[in-house]
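Everything below concerns the one structure shown next.
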Amino acid sequence: WLVGSAQFGARGSFPRFARIGFCAPGSEGDRWHHRRMRSPSPPTLVNALRAAAAGAVRDVAALVLPQSCASCAEQGARVCPQCAADLAPTVQVQAVGGLRVWSGLTFEGVAARVIRSCKEDARPGLARVLAPALRAALAAAGGAAPPDARGRVIVVPVPASRRAMRTRGFRLVEVVTRAAGADPVRALHQIEVTRDQRDLGVMQREENLHGAFCASGVRGAHVVLVDDVVTSGATLREGARALAAAGAHVVGAATVAATPRLHPAGNASEDKE
């Protein structure tokens, strides 16, 4: 059975997403499913050592090298005050193949440079400056859930690929989700190795991701899917398909940013459904 433990706050406040309990047939007592999903499979020794080494290098670099703005390279802060002002959320909602997606920023200018730096330069500390955008998108997406389910919505991140984990050493979407104040549940799993999406067209992205994900432990749950950036929407649609196939009610998706090529349906505050 599914048990929701959190409720929405006062009007206009950020909703607290529930933790979900799951009891498998034949198990010895109840288990908290969100804890089980958040516990990754035991890493190999090589991967563990690689991740530890990457973390050590970042820690040493943070002590020795001065911080610079991820957008303009000004010394003194992860993101300088002037660039930080451009990261103020302006939530937009759009329909992507029938899936509603809320995004806190447009992926251009400062937002694009900061997100790229977070990913390509392995700077997880930038999650803090990206968190307000995702928090705003999550609040809008959670508000679209049926009234009787709003205190029981769970947040499911798009899983990081093995290639991304080897390169960065951290799960970007999960890090930003936690910084935004939500509790990510690892209910979505990648079962097919896919090509890098960056150089693929819209149709190629769809074909590349078809059948790539599966989901578990979400039957009957209301879910908001989370990713860092929505481009063609192929990843989010495949994630939503897998979640729905596992019995989840997919409320929509929330992302930090959306690429300009996607035309939002309007400001989230104007969405009445």
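Labels for the structure tokens follow display order: chains A, B, ..., residues from 1 in each chain, ligands from 1.
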
> Skipping near chain neighbours, those fewer than 5 positions away, what residues fall within 8 Å of stretch 219-233 of chain A using only C-alpha atoms, listed as a PyMOL selection string?
Replying inline: chain A and resi 2+96-97+107+138+141-142+145+149+152-158+172-173+177+202+205+239-240+246-259+261-262

> Running DSSP on the backbone, which parts of stretch 121-197 of chain A land in strand (DSSP E or B), as a list in words?
Replying inline: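 Filtering stretch 121-197 of chain A to strand (DSSP E or B) leaves Val153, Ile154, Val155, Val156, Pro157, Pro184, Leu188, His189 and Gln190 of chain A.
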
> Just how far from atom CA of A:Gln92 is atom CA of A:Arg171, in Å to one decimal?
Replying inline: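 So the two atoms, atom CA of A:Arg171 and atom CA of A:Gln92, lie 24.7 Å apart.
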